[in-house]
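J.: Structure in structure tokens, see below.
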Amino acid sequence: MNPTANSEPNTSTGTPGKIRVMIADDHPIVRDGLKKLLSLEDDIEVVAVASDGREVLEQAAQHSPDIILLDLRMPNLDGISTLQALQQRGSEAKVIILTASEDKNEFVQVMKLGARGIVLKQTASELIVKSIRKVHAGEIWLDSQTTAAVMRQFASSTSDPQPAQGRVRERSPLSAREREIVMLVAQGYKNKEMAEKMFISEQTVKNHLHNIFDKLGVSDRLELALYAIHKGLHLPDSER
């Protein structure tokens, strides 16, 4: 275990009402910079830090963070392997990948493994803070360029014989109710939660999703959420 990370204090419990964040990066300057940045926010608290993947698993089990900012390039256990292990252990932490990489194959891989956002290290600091709040609220966080690239990679990585540019498309207009469901999926709502919010049965939600998948040519909820973000369907009509 890296002694540098051990020398940084961790708190076993966060302050009630605050978003509990773990920072996982093998560069001390990155960890320190992020801790100072996040300490300026009234609603965010850094409850743990880690310098490699094994520490992430240990600290996540001990501190139960709400959000993990996870670097992909770490010693002992890289970010992708760490993400897989967190998923296997049933961790409830929402993971935001913080990376300098622009490998679109990796982006697709981490999203399929359950990451809720991707933030490039060159991103403006205020957007890192915003991504934490949005992901904590249940949304997926990707900037427009990353979303478009991930969507293209999703399309080209399937065996569907249709062209990548045309596979994900609206075959017929979505109804108002279907657009509402698309927006809620992109905001992180589950079927049961959507049913309660919309005063319909869970089976009706499933039926709508089936129709939406068919109309848009997407194969699962993640791809639907990415499509919604790419097209701006995750926002209320008044904000588009």
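Note on naming: chains are A, B, ... as they come in the structure tokens, residues start from 1 per chain, ligands start from 1 in the order shown.
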If you run DSSP on the backbone, which residues of chain A are alpha helix (DSSP H), as a ChimeraX atom specification?

T.: /A:3-6,28-39,53-63,79-88,104-112,125-136,144-156,164-167,176-186,191-198,202-216,221-231

J.: Do you know which residues are at most 12 Å from Asp32 of chain A counting only C-alpha atoms, after dropping those on the same chain fewer than 3 positions away, and could you put them as a VMD selection string?

T.: chain A and resid 4 to 5 8 to 9 23 to 29 35 to 39 46 48 to 51

J.: DSSP on the backbone: which residues in segment 89-208 of chain A end up as strand (DSSP E or B)? Give the answer as an NGL selection string.

T.: :A and (94-99 or 117-120 or 141)

J.: If you keep all heavy atoms, can you produce a file of those selected residues as a short mmCIF file (atom, residue, chain, number, x, y, z; two decimals), in the first residue's frame?

T.:
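Result went into result-v4.cif, see below:
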data_model
loop_
_atom_site.label_atom_id
_atom_site.label_comp_id
_atom_site.auth_asym_id
_atom_site.auth_seq_id
_atom_site.Cartn_x
_atom_site.Cartn_y
_atom_site.Cartn_z
N LYS A 94 -21.18 5.88 -6.80
CA LYS A 94 -21.27 6.22 -8.22
C LYS A 94 -19.89 6.69 -8.67
O LYS A 94 -19.29 7.56 -8.05
CB LYS A 94 -22.32 7.30 -8.43
CG LYS A 94 -23.73 6.82 -8.09
CD LYS A 94 -24.74 7.95 -8.10
CE LYS A 94 -26.13 7.43 -7.74
NZ LYS A 94 -27.12 8.52 -7.63
N VAL A 95 -19.41 6.08 -9.75
CA VAL A 95 -18.04 6.32 -10.19
C VAL A 95 -18.00 7.31 -11.35
O VAL A 95 -18.71 7.16 -12.35
CB VAL A 95 -17.36 5.00 -10.61
CG1 VAL A 95 -15.95 5.27 -11.14
CG2 VAL A 95 -17.30 4.04 -9.42
N ILE A 96 -17.15 8.32 -11.19
CA ILE A 96 -16.83 9.24 -12.28
C ILE A 96 -15.38 8.98 -12.67
O ILE A 96 -14.49 9.07 -11.83
CB ILE A 96 -16.99 10.71 -11.85
CG1 ILE A 96 -18.44 11.00 -11.43
CG2 ILE A 96 -16.58 11.65 -12.99
CD1 ILE A 96 -18.64 12.39 -10.84
N ILE A 97 -15.18 8.64 -13.92
CA ILE A 97 -13.82 8.40 -14.41
C ILE A 97 -13.15 9.75 -14.66
O ILE A 97 -13.69 10.60 -15.38
CB ILE A 97 -13.84 7.58 -15.71
CG1 ILE A 97 -14.48 6.20 -15.47
CG2 ILE A 97 -12.42 7.42 -16.26
CD1 ILE A 97 -13.77 5.34 -14.46
N LEU A 98 -12.00 9.95 -14.04
CA LEU A 98 -11.22 11.17 -14.22
C LEU A 98 -9.95 10.77 -14.95
O LEU A 98 -9.11 10.05 -14.39
CB LEU A 98 -10.90 11.79 -12.86
CG LEU A 98 -10.21 13.15 -12.85
CD1 LEU A 98 -11.11 14.21 -13.49
CD2 LEU A 98 -9.84 13.56 -11.44
N THR A 99 -9.81 11.18 -16.19
CA THR A 99 -8.73 10.63 -17.01
C THR A 99 -8.15 11.65 -17.97
O THR A 99 -8.81 12.60 -18.37
CB THR A 99 -9.26 9.41 -17.81
OG1 THR A 99 -8.22 8.86 -18.61
CG2 THR A 99 -10.43 9.82 -18.71
N GLY A 117 -20.03 8.67 -15.18
CA GLY A 117 -19.57 9.87 -15.84
C GLY A 117 -18.11 9.75 -16.25
O GLY A 117 -17.38 8.89 -15.74
N ILE A 118 -17.72 10.59 -17.20
CA ILE A 118 -16.32 10.67 -17.64
C ILE A 118 -15.94 12.13 -17.68
O ILE A 118 -16.62 12.95 -18.32
CB ILE A 118 -16.12 10.03 -19.03
CG1 ILE A 118 -16.46 8.54 -19.01
CG2 ILE A 118 -14.69 10.25 -19.52
CD1 ILE A 118 -16.48 7.89 -20.38
N VAL A 119 -14.87 12.47 -16.97
CA VAL A 119 -14.38 13.84 -16.94
C VAL A 119 -12.91 13.83 -17.34
O VAL A 119 -12.11 13.12 -16.73
CB VAL A 119 -14.52 14.46 -15.53
CG1 VAL A 119 -13.90 15.85 -15.49
CG2 VAL A 119 -15.99 14.53 -15.11
N LEU A 120 -12.57 14.58 -18.36
CA LEU A 120 -11.17 14.67 -18.78
C LEU A 120 -10.42 15.58 -17.81
O LEU A 120 -10.96 16.57 -17.31
CB LEU A 120 -11.08 15.22 -20.20
CG LEU A 120 -11.78 14.38 -21.28
CD1 LEU A 120 -11.61 15.04 -22.65
CD2 LEU A 120 -11.25 12.95 -21.31
N TRP A 141 -22.93 11.90 -16.60
CA TRP A 141 -22.19 13.11 -16.96
C TRP A 141 -21.17 12.80 -18.05
O TRP A 141 -20.22 12.05 -17.85
CB TRP A 141 -21.46 13.69 -15.75
CG TRP A 141 -20.65 14.90 -16.12
CD1 TRP A 141 -19.35 14.93 -16.55
CD2 TRP A 141 -21.11 16.26 -16.15
NE1 TRP A 141 -18.98 16.21 -16.83
CE2 TRP A 141 -20.03 17.05 -16.60
CE3 TRP A 141 -22.32 16.87 -15.83
CZ2 TRP A 141 -20.14 18.43 -16.73
CZ3 TRP A 141 -22.42 18.25 -15.97
CH2 TRP A 141 -21.33 19.01 -16.41
#

J.: List the neighbours of Leu57 of chain A out to 10 Å using only C-alpha atoms; skip same-chain residues closer than 4 positions along the sequence, and give me the result as a JSON list (two decimals) with all heavy atoms, in the first residue's frame.

T.:
[["chain", "number", "residue", "atom", "x", "y", "z"],
["A", 50, "ALA", "N", -7.11, 7.65, -2.33],
["A", 50, "ALA", "CA", -6.43, 6.39, -2.63],
["A", 50, "ALA", "C", -5.46, 6.62, -3.77],
["A", 50, "ALA", "O", -5.69, 7.46, -4.65],
["A", 50, "ALA", "CB", -7.45, 5.31, -3.01],
["A", 52, "ASP", "N", -3.97, 3.81, -5.45],
["A", 52, "ASP", "CA", -4.02, 2.68, -6.37],
["A", 52, "ASP", "C", -5.35, 1.95, -6.21],
["A", 52, "ASP", "O", -6.13, 2.22, -5.30],
["A", 52, "ASP", "CB", -2.83, 1.73, -6.17],
["A", 52, "ASP", "CG", -2.81, 1.07, -4.80],
["A", 52, "ASP", "OD1", -3.85, 0.54, -4.36],
["A", 52, "ASP", "OD2", -1.74, 1.06, -4.16],
["A", 53, "GLY", "N", -5.58, 1.01, -7.12],
["A", 53, "GLY", "CA", -6.87, 0.33, -7.14],
["A", 53, "GLY", "C", -7.19, -0.46, -5.90],
["A", 53, "GLY", "O", -8.34, -0.50, -5.45],
["A", 61, "ALA", "N", -14.90, 0.33, 0.99],
["A", 61, "ALA", "CA", -15.57, -0.52, 1.98],
["A", 61, "ALA", "C", -15.62, 0.16, 3.34],
["A", 61, "ALA", "O", -16.60, 0.04, 4.07],
["A", 61, "ALA", "CB", -14.84, -1.86, 2.08],
["A", 62, "GLN", "N", -14.57, 0.91, 3.68],
["A", 62, "GLN", "CA", -14.49, 1.53, 5.00],
["A", 62, "GLN", "C", -15.32, 2.81, 5.11],
["A", 62, "GLN", "O", -15.96, 3.06, 6.13],
["A", 62, "GLN", "CB", -13.03, 1.85, 5.33],
["A", 62, "GLN", "CG", -12.84, 2.46, 6.73],
["A", 62, "GLN", "CD", -11.37, 2.73, 7.03],
["A", 62, "GLN", "OE1", -10.48, 2.29, 6.30],
["A", 62, "GLN", "NE2", -11.12, 3.45, 8.11],
["A", 77, "LEU", "N", -3.74, -2.10, -9.36],
["A", 77, "LEU", "CA", -5.01, -2.47, -9.97],
["A", 77, "LEU", "C", -5.48, -1.25, -10.74],
["A", 77, "LEU", "O", -5.71, -0.19, -10.16],
["A", 77, "LEU", "CB", -6.02, -2.84, -8.87],
["A", 77, "LEU", "CG", -7.26, -3.64, -9.27],
["A", 77, "LEU", "CD1", -6.87, -5.03, -9.76],
["A", 77, "LEU", "CD2", -8.21, -3.77, -8.08],
["A", 82, "THR", "N", -10.50, -2.01, -11.23],
["A", 82, "THR", "CA", -11.09, -1.52, -9.98],
["A", 82, "THR", "C", -12.59, -1.33, -10.12],
["A", 82, "THR", "O", -13.37, -1.70, -9.24],
["A", 82, "THR", "CB", -10.44, -0.18, -9.56],
["A", 82, "THR", "OG1", -9.03, -0.36, -9.41],
["A", 82, "THR", "CG2", -11.03, 0.34, -8.26],
["A", 83, "LEU", "N", -12.99, -0.78, -11.25],
["A", 83, "LEU", "CA", -14.42, -0.59, -11.52],
["A", 83, "LEU", "C", -15.15, -1.93, -11.55],
["A", 83, "LEU", "O", -16.24, -2.08, -10.99],
["A", 83, "LEU", "CB", -14.59, 0.15, -12.85],
["A", 83, "LEU", "CG", -15.97, 0.64, -13.24],
["A", 83, "LEU", "CD1", -16.57, 1.55, -12.18],
["A", 83, "LEU", "CD2", -15.90, 1.37, -14.58],
["A", 85, "ALA", "N", -14.23, -4.65, -10.00],
["A", 85, "ALA", "CA", -14.26, -5.18, -8.63],
["A", 85, "ALA", "C", -15.32, -4.48, -7.79],
["A", 85, "ALA", "O", -16.01, -5.12, -6.99],
["A", 85, "ALA", "CB", -12.88, -5.03, -7.99],
["A", 86, "LEU", "N", -15.45, -3.17, -7.95],
["A", 86, "LEU", "CA", -16.48, -2.44, -7.22],
["A", 86, "LEU", "C", -17.87, -2.95, -7.58],
["A", 86, "LEU", "O", -18.73, -3.13, -6.72],
["A", 86, "LEU", "CB", -16.39, -0.94, -7.53],
["A", 86, "LEU", "CG", -15.22, -0.18, -6.91],
["A", 86, "LEU", "CD1", -15.09, 1.21, -7.55],
["A", 86, "LEU", "CD2", -15.40, -0.03, -5.39],
["A", 89, "ARG", "N", -18.52, -6.32, -6.02],
["A", 89, "ARG", "CA", -18.73, -6.23, -4.58],
["A", 89, "ARG", "C", -20.03, -5.53, -4.20],
["A", 89, "ARG", "O", -20.36, -5.38, -3.02],
["A", 89, "ARG", "CB", -17.55, -5.49, -3.92],
["A", 89, "ARG", "CG", -16.23, -6.25, -4.03],
["A", 89, "ARG", "CD", -15.11, -5.51, -3.33],
["A", 89, "ARG", "NE", -13.85, -6.24, -3.43],
["A", 89, "ARG", "CZ", -12.80, -6.05, -2.64],
["A", 89, "ARG", "NH1", -12.87, -5.13, -1.67],
["A", 89, "ARG", "NH2", -11.70, -6.74, -2.80],
["A", 91, "SER", "N", -20.81, -2.36, -4.66],
["A", 91, "SER", "CA", -20.63, -1.01, -4.14],
["A", 91, "SER", "C", -21.73, -0.09, -4.65],
["A", 91, "SER", "O", -22.11, -0.13, -5.83],
["A", 91, "SER", "CB", -19.27, -0.46, -4.58],
["A", 91, "SER", "OG", -19.14, 0.91, -4.26]]

J.: Please indicate the distance in Å from atom CA of Gly90 of chain A to atom CA of Ala195 of chain A, rounded to one decimal place.

T.: 24.9 Å

J.: From the set A:Gly17, A:Met198, A:Ser101, A:Pro75, which residue has the shortest atom-to-atom contact distance to Gln122 of chain A, counting only C-alpha atoms?

T.: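 Closest to Gln122 of chain A, using only C-alpha atoms: A:Ser101.
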